[in-house]
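Asker: Would you mind keeping the following structure in view while I ask a few things?
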There are 2 protein chains.
Amino acid sequence: MTIKPANSQYLRIHDALAEDLDSGRLQAGERFPTERELAERFGCTRVTLRQALARLEAEGAIYRGHKRGWFVSSAPVAYDPSRVTSFMEYVTAQGREPRTEYLLAERRQAPAWLAVRLQVDVGAWVYHLERRRWVDGRPVLLETNILTEQWCPGLLDQPLGSSLTQLLRQRYGRVQARSEITFKPCVLDEIQGQLLELAAGSSGLMLERLCRDAQGTPVEYDLEYWRPDAVKMGFEVGG
Amino acid sequence: MTIKPANSQYLRIHDALAEDLDSGRLQAGERFPTERELAERFGCTRVTLRQALARLEAEGAIYRGHKRGWFVSSAPVAYDPSRVTSFMEYVTAQGREPRTEYLLAERRQAPAWLAVRLQVDVGAWVYHLERRRWVDGRPVLLETNILTEQWCPGLLDQPLGSSLTQLLRQRYGRVQARSEITFKPCVLDEIQGQLLELAAGSSGLMLERLCRDAQGTPVEYDLEYWRPDAVKMGFEVGG
DNA sequence: AAGTGGTCTAGACCACTTG
DNA sequence: AAGTGGTCTAGACCACTTC
């Protein structure tokens, strides 16, 4: 088993651009030159140039705005999915500016796939919330929260402007006891891409969470889609 | 904000192939027809065909063997990074067949970046282990374990054939108390690609772990590179 | 030896964003 | 209105795998 040198043109272009990023010649948030311009600079076709860009994108160094060009990624936000602190809290704590936007807040009946997870009957009432969350003026996260009505009756009559975590704690005295989390890389579809200002087909990070109360009864099911360049997932175990 | 229909040719090809996979017309582990064959079937060029394949790959549905073609992914192994059970144990528990291969087992001096993490002096002695791990005859994980000599003196004189977790527990009476874990999508380089039988530049999942003893002293630093299609990461919180 | 995937060229058209 | 990224064509050569 020998390792080949691997010296393709697109890798050399990739490395050259990566060095521009490392050296700070290209700043976070800054727009790249156009593809045609870069292709000319490196003396290659756009196809080859885009191979190099795709690799930088996969590494999280750059991202694309749909039909708007390529941009330099900024520092990721640290996120600990095991904590119950709210998005607003932990983003602020890192000196960044969070914003939350409600896309949807409805009372719905649970379809089969959800009923299985929440251990309720098909058709049971649940609250379905969809939010888009921002850091420093850029959308980074699509979050869906589905809560059983029994857990927080009349939720939609409450003011949803502030933190959901706080609302549950203060108005309902509700604190989650345990949760199961899984995650995996995913591909963002057209809608998700538009909401996160990414090209459809970009890769993302999907996180699924099932929360239980003190008795072990499932009370909330969450689904999160993150911009992969915007977050650094980490958590602590034991203690 | 309106959502476009997005009806490009490569997406239609992607969907057609995805249906072949879902329906079971293509079985796990099976090799795809050649790119030229598929391109002819769909009446497109190889460039377009490869766009569709790249998307299926990003979704984890298929993977490529370097210069050997495209293959159907098989069911992922569930992995809980917060548990201290060994690879051999949890893979076996899922009815799959694990195998571990040592790539390297050395006594080394800590370079600066590692000394910072392990809170030791630069040049302090550590044990550096590199292993490749398999499930059902396919390589799925590259694992690096770096342990301080103080934590397990004479480690390399022990039989490394069986589980490292067990060895530490039984021979040294060592159990890790806390650990900090971070992970992110990554791009596999040439060497990693070859070892995991993937094309260089494929995406992977990187996991970093810093383990501490009961006093909070760092004792082990791990780095894991997973085939993204081979693993389903998940863990439990609270309790 | 034949065929494969990996890489690359030199164009092209379109829908969309930007000025 | 001009320019951009997104998509696509129709070829090509090479190193490698497979037979």
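Here's how to read the names in the structure tokens: chain A, B, ... by the order shown, residue numbers from 1 in each chain, ligand numbers from 1 in the order shown.
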Name the residues in contact with D:DT4 at a cut-off of 12 Å, using only C-alpha atoms (C1' of nucleotides), excluding same-chain residues fewer than 3 positions from it; report them as a list in words.
Answerer: Pro33, Thr34, Glu35, Arg36, Glu37, Gly65, His66, Lys67, Arg68, Gly69 and Trp70 of chain A; DC14, DA15, DC16, DT17 and DT18 of chain C
Asker: Could you save the residues just selected, with N, CA, C and O atoms (P, O5', C5', C4', C3', O3' and C1' of nucleotides), as a compact mmCIF listing (two decimals), in the first residue's frame?
Answerer:
```txt
# COMPACT_ATOMS: atom_id res chain seq x y z
N PRO A 33 -13.43 36.92 -5.63
CA PRO A 33 -13.52 37.35 -7.03
C PRO A 33 -14.46 36.39 -7.79
O PRO A 33 -14.74 35.30 -7.31
N THR A 34 -14.90 36.80 -8.94
CA THR A 34 -15.83 35.95 -9.71
C THR A 34 -15.10 34.69 -10.20
O THR A 34 -13.88 34.66 -10.29
N GLU A 35 -15.89 33.69 -10.52
CA GLU A 35 -15.31 32.42 -10.97
C GLU A 35 -14.50 32.62 -12.25
O GLU A 35 -13.42 32.05 -12.40
N ARG A 36 -15.02 33.43 -13.15
CA ARG A 36 -14.30 33.65 -14.41
C ARG A 36 -12.97 34.35 -14.17
O ARG A 36 -11.96 34.07 -14.83
N GLU A 37 -12.98 35.27 -13.21
CA GLU A 37 -11.75 35.98 -12.88
C GLU A 37 -10.71 35.03 -12.30
O GLU A 37 -9.55 35.04 -12.68
N GLY A 65 -23.28 31.94 -1.62
CA GLY A 65 -24.61 32.51 -1.60
C GLY A 65 -25.22 32.20 -2.95
O GLY A 65 -24.57 32.36 -3.97
N HIS A 66 -26.43 31.71 -2.96
CA HIS A 66 -27.02 31.25 -4.21
C HIS A 66 -26.96 32.33 -5.28
O HIS A 66 -27.53 33.40 -5.14
N LYS A 67 -26.25 32.02 -6.32
CA LYS A 67 -26.11 32.93 -7.47
C LYS A 67 -25.53 34.28 -7.07
O LYS A 67 -25.69 35.27 -7.78
N ARG A 68 -24.93 34.34 -5.91
CA ARG A 68 -24.35 35.61 -5.49
C ARG A 68 -22.84 35.53 -5.35
O ARG A 68 -22.18 36.54 -5.16
N GLY A 69 -22.33 34.32 -5.43
CA GLY A 69 -20.88 34.19 -5.38
C GLY A 69 -20.39 33.43 -4.16
O GLY A 69 -21.18 32.86 -3.41
N TRP A 70 -19.09 33.46 -3.98
CA TRP A 70 -18.46 32.72 -2.89
C TRP A 70 -17.97 33.70 -1.83
O TRP A 70 -17.47 34.77 -2.15
P DC C 14 -31.19 30.16 -24.07
O5' DC C 14 -31.44 30.13 -22.50
C5' DC C 14 -31.61 28.88 -21.83
C4' DC C 14 -31.62 29.13 -20.34
C3' DC C 14 -32.44 30.35 -19.92
O3' DC C 14 -33.45 29.94 -19.03
C1' DC C 14 -30.26 30.39 -18.93
P DA C 15 -34.65 30.91 -18.68
O5' DA C 15 -34.37 31.17 -17.14
C5' DA C 15 -34.00 30.09 -16.31
C4' DA C 15 -33.50 30.60 -14.98
C3' DA C 15 -34.34 31.71 -14.36
O3' DA C 15 -34.33 31.53 -12.96
C1' DA C 15 -32.17 32.53 -14.80
P DC C 16 -35.28 32.40 -12.07
O5' DC C 16 -34.25 33.35 -11.32
C5' DC C 16 -33.17 32.73 -10.62
C4' DC C 16 -32.05 33.72 -10.48
C3' DC C 16 -32.44 35.03 -9.80
O3' DC C 16 -31.99 34.98 -8.46
C1' DC C 16 -30.92 35.33 -11.64
P DT C 17 -32.31 36.21 -7.48
O5' DT C 17 -30.97 37.07 -7.57
C5' DT C 17 -29.73 36.42 -7.35
C4' DT C 17 -28.61 37.40 -7.56
C3' DT C 17 -28.73 38.71 -6.77
O3' DT C 17 -27.46 38.98 -6.18
C1' DT C 17 -28.49 39.17 -9.10
P DT C 18 -27.26 40.18 -5.22
O5' DT C 18 -26.63 41.28 -6.18
C5' DT C 18 -25.56 40.90 -7.04
C4' DT C 18 -25.13 42.07 -7.88
C3' DT C 18 -25.21 43.44 -7.19
O3' DT C 18 -23.97 44.10 -7.38
C1' DT C 18 -26.39 43.49 -9.24
```
Asker: Taking only C-alpha atoms (C1' of nucleotides) into account, find every residue of chain D that has an atom no more than 9 Å from chain B, and write it out as a list of chain:residue names.
Answerer: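 That gives D:DT7, D:DC8, D:DT9, D:DA10, D:DC16, D:DT17 for chain D.
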Asker: For B:His128, work out the shell of residues within 12 Å, counting only C-alpha atoms (C1' of nucleotides) and skipping chain neighbours fewer than 4 positions away, then give it as JSON, numbers by chain.
Answerer: {"B": [102, 103, 104, 105, 106, 107, 108, 109, 110, 111, 114, 143, 144, 145, 146, 147, 148, 149, 155, 156, 220, 221, 222, 223]}
Asker: Write out as a list in words each polymer residue whose atoms come within 10 Å of B:Asp80, counting only C-alpha atoms (C1' of nucleotides); drop sequence neighbours fewer than 4 positions from it.
Answerer: Ile181 and Thr182 of chain A; Val84, Thr85, Tyr90, Val231, Lys232, Met233, Gly234, Phe235 and Glu236 of chain B
Asker: Run DSSP on the backbone of this structure and report the residues of stretch 64-209 of chain A it assigns to strand (DSSP E or B), as an MDAnalysis selection string.
Answerer: chainID A and resid 64:65 69:72 77:79 98:109 125:135 138:148 178:187 203:209
Asker: Please dump the current selection as a compact mmCIF listing (two decimals), in the first residue's frame; keep C-alpha atoms.
Answerer:
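Dumped everything to part28.txt:
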```
# COMPACT_ATOMS: atom_id res chain seq x y z
CA ARG A 64 -21.70 30.15 -1.48
CA GLY A 65 -24.61 32.51 -1.60
CA GLY A 69 -20.88 34.19 -5.38
CA TRP A 70 -18.46 32.72 -2.89
CA PHE A 71 -17.73 34.15 0.54
CA VAL A 72 -15.20 33.60 3.29
CA VAL A 77 -20.18 29.42 17.15
CA ALA A 78 -19.53 26.83 19.82
CA TYR A 79 -22.64 24.80 20.51
CA PRO A 98 -28.11 36.27 18.08
CA ARG A 99 -31.51 36.75 16.49
CA THR A 100 -34.50 34.45 16.28
CA GLU A 101 -37.24 34.60 13.69
CA TYR A 102 -40.44 32.57 13.83
CA LEU A 103 -41.34 30.89 10.57
CA LEU A 104 -44.29 28.94 11.94
CA ALA A 105 -46.19 28.38 15.18
CA GLU A 106 -49.14 26.03 14.87
CA ARG A 107 -51.24 23.50 16.71
CA ARG A 108 -51.23 20.31 14.68
CA GLN A 109 -52.13 16.66 14.84
CA TRP A 125 -52.38 17.50 19.32
CA VAL A 126 -48.92 18.95 19.31
CA TYR A 127 -47.39 22.41 19.00
CA HIS A 128 -45.25 22.78 15.94
CA LEU A 129 -42.71 25.62 15.94
CA GLU A 130 -40.27 26.49 13.20
CA ARG A 131 -37.62 29.10 13.69
CA ARG A 132 -34.69 30.53 11.85
CA ARG A 133 -31.78 31.66 13.96
CA TRP A 134 -29.10 34.17 13.13
CA VAL A 135 -25.65 35.04 14.36
CA ARG A 138 -26.31 35.68 9.09
CA PRO A 139 -28.75 32.78 9.21
CA VAL A 140 -27.08 29.70 10.69
CA LEU A 141 -29.79 27.37 11.94
CA LEU A 142 -33.25 26.06 11.06
CA GLU A 143 -34.90 24.66 14.13
CA THR A 144 -38.14 22.72 14.43
CA ASN A 145 -39.61 22.11 17.88
CA ILE A 146 -42.57 19.84 18.35
CA LEU A 147 -44.03 19.75 21.87
CA THR A 148 -46.90 17.67 23.16
CA ARG A 178 -33.20 13.43 29.69
CA SER A 179 -32.76 13.65 25.98
CA GLU A 180 -31.46 11.46 23.18
CA ILE A 181 -29.49 13.16 20.46
CA THR A 182 -28.34 11.91 17.09
CA PHE A 183 -26.70 13.80 14.29
CA LYS A 184 -25.26 13.31 10.85
CA PRO A 185 -24.11 15.26 7.83
CA CYS A 186 -26.94 15.99 5.41
CA VAL A 187 -27.71 17.70 2.14
CA SER A 203 -24.03 20.09 2.88
CA GLY A 204 -25.29 20.76 6.38
CA LEU A 205 -25.34 19.21 9.80
CA MET A 206 -28.57 17.64 11.01
CA LEU A 207 -29.32 17.12 14.69
CA GLU A 208 -32.29 15.24 16.09
CA ARG A 209 -33.32 15.44 19.74
```
Asker: Excluding C:DA1 and its own-chain neighbours fewer than 2 positions away, which residues fall within 12 Å of it when counting only C-alpha atoms (C1' of nucleotides)? Please give them as number ranges by chain.
Answerer: C: 3; D: 18-19
Asker: Mind writing the picked residues with C-alpha atoms (C1' of nucleotides) as a PDB file, in the first residue's frame?
Answerer:
```pdb
ATOM      1  C1'  DG C   3     -11.978  -0.457 -19.713  1.00  0.00           C
TER       2       DG C   3
ATOM      3  C1'  DT D  18      -9.673  -5.517 -13.811  1.00  0.00           C
ATOM      4  C1'  DC D  19      -9.676  -9.258 -16.803  1.00  0.00           C
TER       5       DC D  19
END
```
Asker: Residues of chain C within 10 Å of chain B, counting only C-alpha atoms (C1' of nucleotides), what are they? List them as a PyMOL selection string.
Answerer: chain C and resi 3-6
Asker: Please return, as a list in words, all residues of stretch 53-182 of chain A that DSSP assigns to alpha helix (DSSP H) on the basis of the backbone.
Answerer: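 Matching residues for alpha helix (DSSP H) in stretch 53-182 of chain A are Leu53, Ala54, Arg55, Leu56, Glu57, Ala58, Phe87, Met88, Glu89, Tyr90, Val91, Thr92, Ala93, Ala112, Trp113, Leu114, Ala115, Val116, Arg117, Leu118, Leu164, Thr165, Gln166, Leu167, Leu168, Arg169, Gln170, Arg171 and Tyr172 of chain A.
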Asker: Could the residues in this selection be saved with N, CA and C atoms as a compact mmCIF listing (two decimals), in the first residue's frame?
Answerer:
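Written output follows (result-v3.txt):
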```
# COMPACT_ATOMS: atom_id res chain seq x y z
N LEU A 53 -13.08 25.10 -5.50
CA LEU A 53 -13.99 25.80 -4.60
C LEU A 53 -14.85 24.82 -3.81
N ALA A 54 -15.30 23.76 -4.49
CA ALA A 54 -16.16 22.77 -3.82
C ALA A 54 -15.41 22.13 -2.65
N ARG A 55 -14.13 21.91 -2.85
CA ARG A 55 -13.35 21.30 -1.77
C ARG A 55 -13.20 22.26 -0.59
N LEU A 56 -12.93 23.52 -0.89
CA LEU A 56 -12.85 24.51 0.18
C LEU A 56 -14.18 24.60 0.92
N GLU A 57 -15.25 24.49 0.17
CA GLU A 57 -16.58 24.54 0.79
C GLU A 57 -16.78 23.36 1.73
N ALA A 58 -16.38 22.16 1.26
CA ALA A 58 -16.54 20.96 2.08
C ALA A 58 -15.75 21.07 3.38
N PHE A 87 -30.42 29.33 22.88
CA PHE A 87 -29.62 29.87 21.79
C PHE A 87 -29.18 31.30 22.08
N MET A 88 -30.15 32.13 22.49
CA MET A 88 -29.85 33.53 22.77
C MET A 88 -28.75 33.65 23.81
N GLU A 89 -28.84 32.81 24.83
CA GLU A 89 -27.85 32.88 25.92
C GLU A 89 -26.45 32.52 25.46
N TYR A 90 -26.31 31.35 24.84
CA TYR A 90 -24.94 30.92 24.58
C TYR A 90 -24.28 31.67 23.44
N VAL A 91 -25.08 32.18 22.51
CA VAL A 91 -24.48 33.00 21.45
C VAL A 91 -23.99 34.33 22.03
N THR A 92 -24.83 34.92 22.86
CA THR A 92 -24.45 36.19 23.50
C THR A 92 -23.19 36.01 24.34
N ALA A 93 -23.14 34.87 25.05
CA ALA A 93 -22.00 34.61 25.92
C ALA A 93 -20.68 34.54 25.15
N ALA A 112 -48.02 9.81 11.74
CA ALA A 112 -47.58 8.51 12.25
C ALA A 112 -46.12 8.53 12.71
N TRP A 113 -45.23 9.06 11.88
CA TRP A 113 -43.80 9.00 12.21
C TRP A 113 -43.50 9.73 13.51
N LEU A 114 -44.26 10.82 13.74
CA LEU A 114 -44.02 11.60 14.95
C LEU A 114 -44.65 10.93 16.18
N ALA A 115 -45.82 10.35 15.97
CA ALA A 115 -46.52 9.68 17.06
C ALA A 115 -45.65 8.56 17.65
N VAL A 116 -44.94 7.87 16.79
CA VAL A 116 -44.04 6.81 17.25
C VAL A 116 -42.97 7.39 18.18
N ARG A 117 -42.38 8.48 17.74
CA ARG A 117 -41.28 9.06 18.52
C ARG A 117 -41.77 9.63 19.86
N LEU A 118 -42.91 10.32 19.82
CA LEU A 118 -43.40 10.97 21.03
C LEU A 118 -44.26 10.02 21.88
N LEU A 164 -37.83 30.20 24.36
CA LEU A 164 -38.77 29.11 24.62
C LEU A 164 -38.37 28.35 25.88
N THR A 165 -37.07 28.18 26.04
CA THR A 165 -36.55 27.51 27.23
C THR A 165 -37.02 28.22 28.50
N GLN A 166 -36.86 29.54 28.49
CA GLN A 166 -37.27 30.33 29.66
C GLN A 166 -38.77 30.26 29.89
N LEU A 167 -39.51 30.33 28.79
CA LEU A 167 -40.98 30.29 28.89
C LEU A 167 -41.44 28.99 29.55
N LEU A 168 -40.87 27.87 29.11
CA LEU A 168 -41.26 26.58 29.68
C LEU A 168 -40.91 26.51 31.16
N ARG A 169 -39.75 27.05 31.49
CA ARG A 169 -39.28 26.99 32.87
C ARG A 169 -40.14 27.87 33.76
N GLN A 170 -40.38 29.10 33.30
CA GLN A 170 -41.02 30.08 34.18
C GLN A 170 -42.54 29.96 34.22
N ARG A 171 -43.17 29.79 33.06
CA ARG A 171 -44.63 29.75 33.02
C ARG A 171 -45.17 28.38 33.39
N TYR A 172 -44.44 27.35 32.96
CA TYR A 172 -44.96 26.00 33.15
C TYR A 172 -44.21 25.21 34.22
```
Asker: Considering only C-alpha atoms (C1' of nucleotides), return as a list in words whatever protein or nucleic-acid residues lie within 10 Å of B:Ala18, sequence-local ones (same chain, fewer than 5 positions apart) excluded.
Answerer: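 Residues meeting the cut-off are Arg12, Ile13, Ser23, Gly24, Leu26, Ala52, Leu53, Leu56, Ala61 and Ile62 of chain B.
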Asker: With distances taken over only C-alpha atoms, which residue among A:Gly193, A:Pro153, A:Gly29, A:Pro218 lies nearest chain B?
Answerer: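 Of A:Gly193, A:Pro153, A:Gly29, A:Pro218, the one nearest chain B is A:Gly193, counting only C-alpha atoms.
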Asker: What gap, in Å, lies between atom CA of A:Glu197 and atom CA of A:Pro76?
Answerer: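 That distance, rounded to one decimal, is 16.3 Å.
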Asker: In Å, rounded to a single decimal, give me how far atom CA of A:Gly60 is from atom CA of A:Pro228.
Answerer: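 Here the two named atoms are 6.7 Å from each other.
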Asker: Suppose you want the space between atom CA of A:Ser74 and atom CA of A:Ala28; what is it in Å?
Answerer: 4.8 Å
Asker: For D:DC13, find every residue with an atom within 12 Å (counting only C-alpha atoms (C1' of nucleotides)), except residues of its own chain fewer than 6 positions away, and show them as number ranges by chain.
Answerer: C: 6-9
Asker: With all heavy atoms retained, could you export that selection as a PDB file, in the first residue's frame?
Answerer:
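This went into again.pdb:
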```pdb
ATOM      1  P    DG C   6     -13.362   8.386  -9.451  1.00  0.00           P
ATOM      2  OP1  DG C   6     -12.982   8.302  -8.045  1.00  0.00           O
ATOM      3  OP2  DG C   6     -14.627   9.014  -9.863  1.00  0.00           O
ATOM      4  O5'  DG C   6     -12.164   9.085 -10.232  1.00  0.00           O
ATOM      5  C5'  DG C   6     -10.831   8.814  -9.835  1.00  0.00           C
ATOM      6  C4'  DG C   6      -9.935   9.935 -10.302  1.00  0.00           C
ATOM      7  O4'  DG C   6      -9.827   9.879 -11.732  1.00  0.00           O
ATOM      8  C3'  DG C   6     -10.453  11.337  -9.973  1.00  0.00           C
ATOM      9  O3'  DG C   6      -9.360  12.144  -9.549  1.00  0.00           O
ATOM     10  C2'  DG C   6     -11.060  11.809 -11.275  1.00  0.00           C
ATOM     11  C1'  DG C   6     -10.168  11.115 -12.302  1.00  0.00           C
ATOM     12  N9   DG C   6     -10.821  10.852 -13.581  1.00  0.00           N
ATOM     13  C8   DG C   6     -12.100  10.402 -13.774  1.00  0.00           C
ATOM     14  N7   DG C   6     -12.403  10.252 -15.032  1.00  0.00           N
ATOM     15  C5   DG C   6     -11.256  10.630 -15.721  1.00  0.00           C
ATOM     16  C6   DG C   6     -10.989  10.684 -17.112  1.00  0.00           C
ATOM     17  O6   DG C   6     -11.730  10.399 -18.042  1.00  0.00           O
ATOM     18  N1   DG C   6      -9.685  11.129 -17.362  1.00  0.00           N
ATOM     19  C2   DG C   6      -8.784  11.476 -16.403  1.00  0.00           C
ATOM     20  N2   DG C   6      -7.593  11.883 -16.839  1.00  0.00           N
ATOM     21  N3   DG C   6      -9.025  11.437 -15.097  1.00  0.00           N
ATOM     22  C4   DG C   6     -10.274  11.005 -14.837  1.00  0.00           C
ATOM     23  P    DT C   7      -9.580  13.685  -9.204  1.00  0.00           P
ATOM     24  OP1  DT C   7      -8.492  14.037  -8.280  1.00  0.00           O
ATOM     25  OP2  DT C   7     -10.992  13.922  -8.860  1.00  0.00           O
ATOM     26  O5'  DT C   7      -9.298  14.409 -10.579  1.00  0.00           O
ATOM     27  C5'  DT C   7      -7.994  14.337 -11.137  1.00  0.00           C
ATOM     28  C4'  DT C   7      -7.994  14.936 -12.506  1.00  0.00           C
ATOM     29  O4'  DT C   7      -8.935  14.248 -13.350  1.00  0.00           O
ATOM     30  C3'  DT C   7      -8.403  16.411 -12.572  1.00  0.00           C
ATOM     31  O3'  DT C   7      -7.238  17.167 -12.818  1.00  0.00           O
ATOM     32  C2'  DT C   7      -9.399  16.486 -13.734  1.00  0.00           C
ATOM     33  C1'  DT C   7      -9.238  15.127 -14.404  1.00  0.00           C
ATOM     34  N1   DT C   7     -10.434  14.604 -15.111  1.00  0.00           N
ATOM     35  C2   DT C   7     -10.390  14.496 -16.477  1.00  0.00           C
ATOM     36  O2   DT C   7      -9.412  14.795 -17.120  1.00  0.00           O
ATOM     37  N3   DT C   7     -11.536  14.010 -17.048  1.00  0.00           N
ATOM     38  C4   DT C   7     -12.692  13.632 -16.397  1.00  0.00           C
ATOM     39  O4   DT C   7     -13.661  13.220 -17.024  1.00  0.00           O
ATOM     40  C5   DT C   7     -12.678  13.783 -14.964  1.00  0.00           C
ATOM     41  C7   DT C   7     -13.885  13.400 -14.156  1.00  0.00           C
ATOM     42  C6   DT C   7     -11.561  14.254 -14.395  1.00  0.00           C
ATOM     43  P    DC C   8      -7.266  18.736 -12.707  1.00  0.00           P
ATOM     44  OP1  DC C   8      -5.875  19.184 -12.485  1.00  0.00           O
ATOM     45  OP2  DC C   8      -8.341  19.123 -11.775  1.00  0.00           O
ATOM     46  O5'  DC C   8      -7.698  19.189 -14.161  1.00  0.00           O
ATOM     47  C5'  DC C   8      -6.868  18.834 -15.269  1.00  0.00           C
ATOM     48  C4'  DC C   8      -7.582  19.132 -16.559  1.00  0.00           C
ATOM     49  O4'  DC C   8      -8.654  18.191 -16.754  1.00  0.00           O
ATOM     50  C3'  DC C   8      -8.265  20.493 -16.647  1.00  0.00           C
ATOM     51  O3'  DC C   8      -7.384  21.404 -17.298  1.00  0.00           O
ATOM     52  C2'  DC C   8      -9.515  20.220 -17.495  1.00  0.00           C
ATOM     53  C1'  DC C   8      -9.441  18.722 -17.788  1.00  0.00           C
ATOM     54  N1   DC C   8     -10.762  18.050 -17.788  1.00  0.00           N
ATOM     55  C2   DC C   8     -11.318  17.673 -19.007  1.00  0.00           C
ATOM     56  O2   DC C   8     -10.698  17.907 -20.049  1.00  0.00           O
ATOM     57  N3   DC C   8     -12.537  17.070 -19.023  1.00  0.00           N
ATOM     58  C4   DC C   8     -13.181  16.840 -17.877  1.00  0.00           C
ATOM     59  N4   DC C   8     -14.356  16.236 -17.946  1.00  0.00           N
ATOM     60  C5   DC C   8     -12.613  17.209 -16.609  1.00  0.00           C
ATOM     61  C6   DC C   8     -11.418  17.816 -16.616  1.00  0.00           C
ATOM     62  P    DT C   9      -7.897  22.896 -17.705  1.00  0.00           P
ATOM     63  OP1  DT C   9      -6.696  23.725 -17.796  1.00  0.00           O
ATOM     64  OP2  DT C   9      -9.018  23.305 -16.846  1.00  0.00           O
ATOM     65  O5'  DT C   9      -8.468  22.692 -19.168  1.00  0.00           O
ATOM     66  C5'  DT C   9      -7.686  22.006 -20.135  1.00  0.00           C
ATOM     67  C4'  DT C   9      -8.383  22.038 -21.471  1.00  0.00           C
ATOM     68  O4'  DT C   9      -9.517  21.131 -21.441  1.00  0.00           O
ATOM     69  C3'  DT C   9      -8.939  23.408 -21.869  1.00  0.00           C
ATOM     70  O3'  DT C   9      -8.559  23.690 -23.200  1.00  0.00           O
ATOM     71  C2'  DT C   9     -10.454  23.261 -21.731  1.00  0.00           C
ATOM     72  C1'  DT C   9     -10.653  21.773 -21.973  1.00  0.00           C
ATOM     73  N1   DT C   9     -11.843  21.193 -21.276  1.00  0.00           N
ATOM     74  C2   DT C   9     -12.823  20.586 -22.019  1.00  0.00           C
ATOM     75  O2   DT C   9     -12.793  20.498 -23.231  1.00  0.00           O
ATOM     76  N3   DT C   9     -13.860  20.085 -21.277  1.00  0.00           N
ATOM     77  C4   DT C   9     -14.003  20.121 -19.899  1.00  0.00           C
ATOM     78  O4   DT C   9     -14.984  19.638 -19.357  1.00  0.00           O
ATOM     79  C5   DT C   9     -12.941  20.785 -19.190  1.00  0.00           C
ATOM     80  C7   DT C   9     -13.002  20.892 -17.694  1.00  0.00           C
ATOM     81  C6   DT C   9     -11.913  21.280 -19.902  1.00  0.00           C
TER      82       DT C   9
END
```
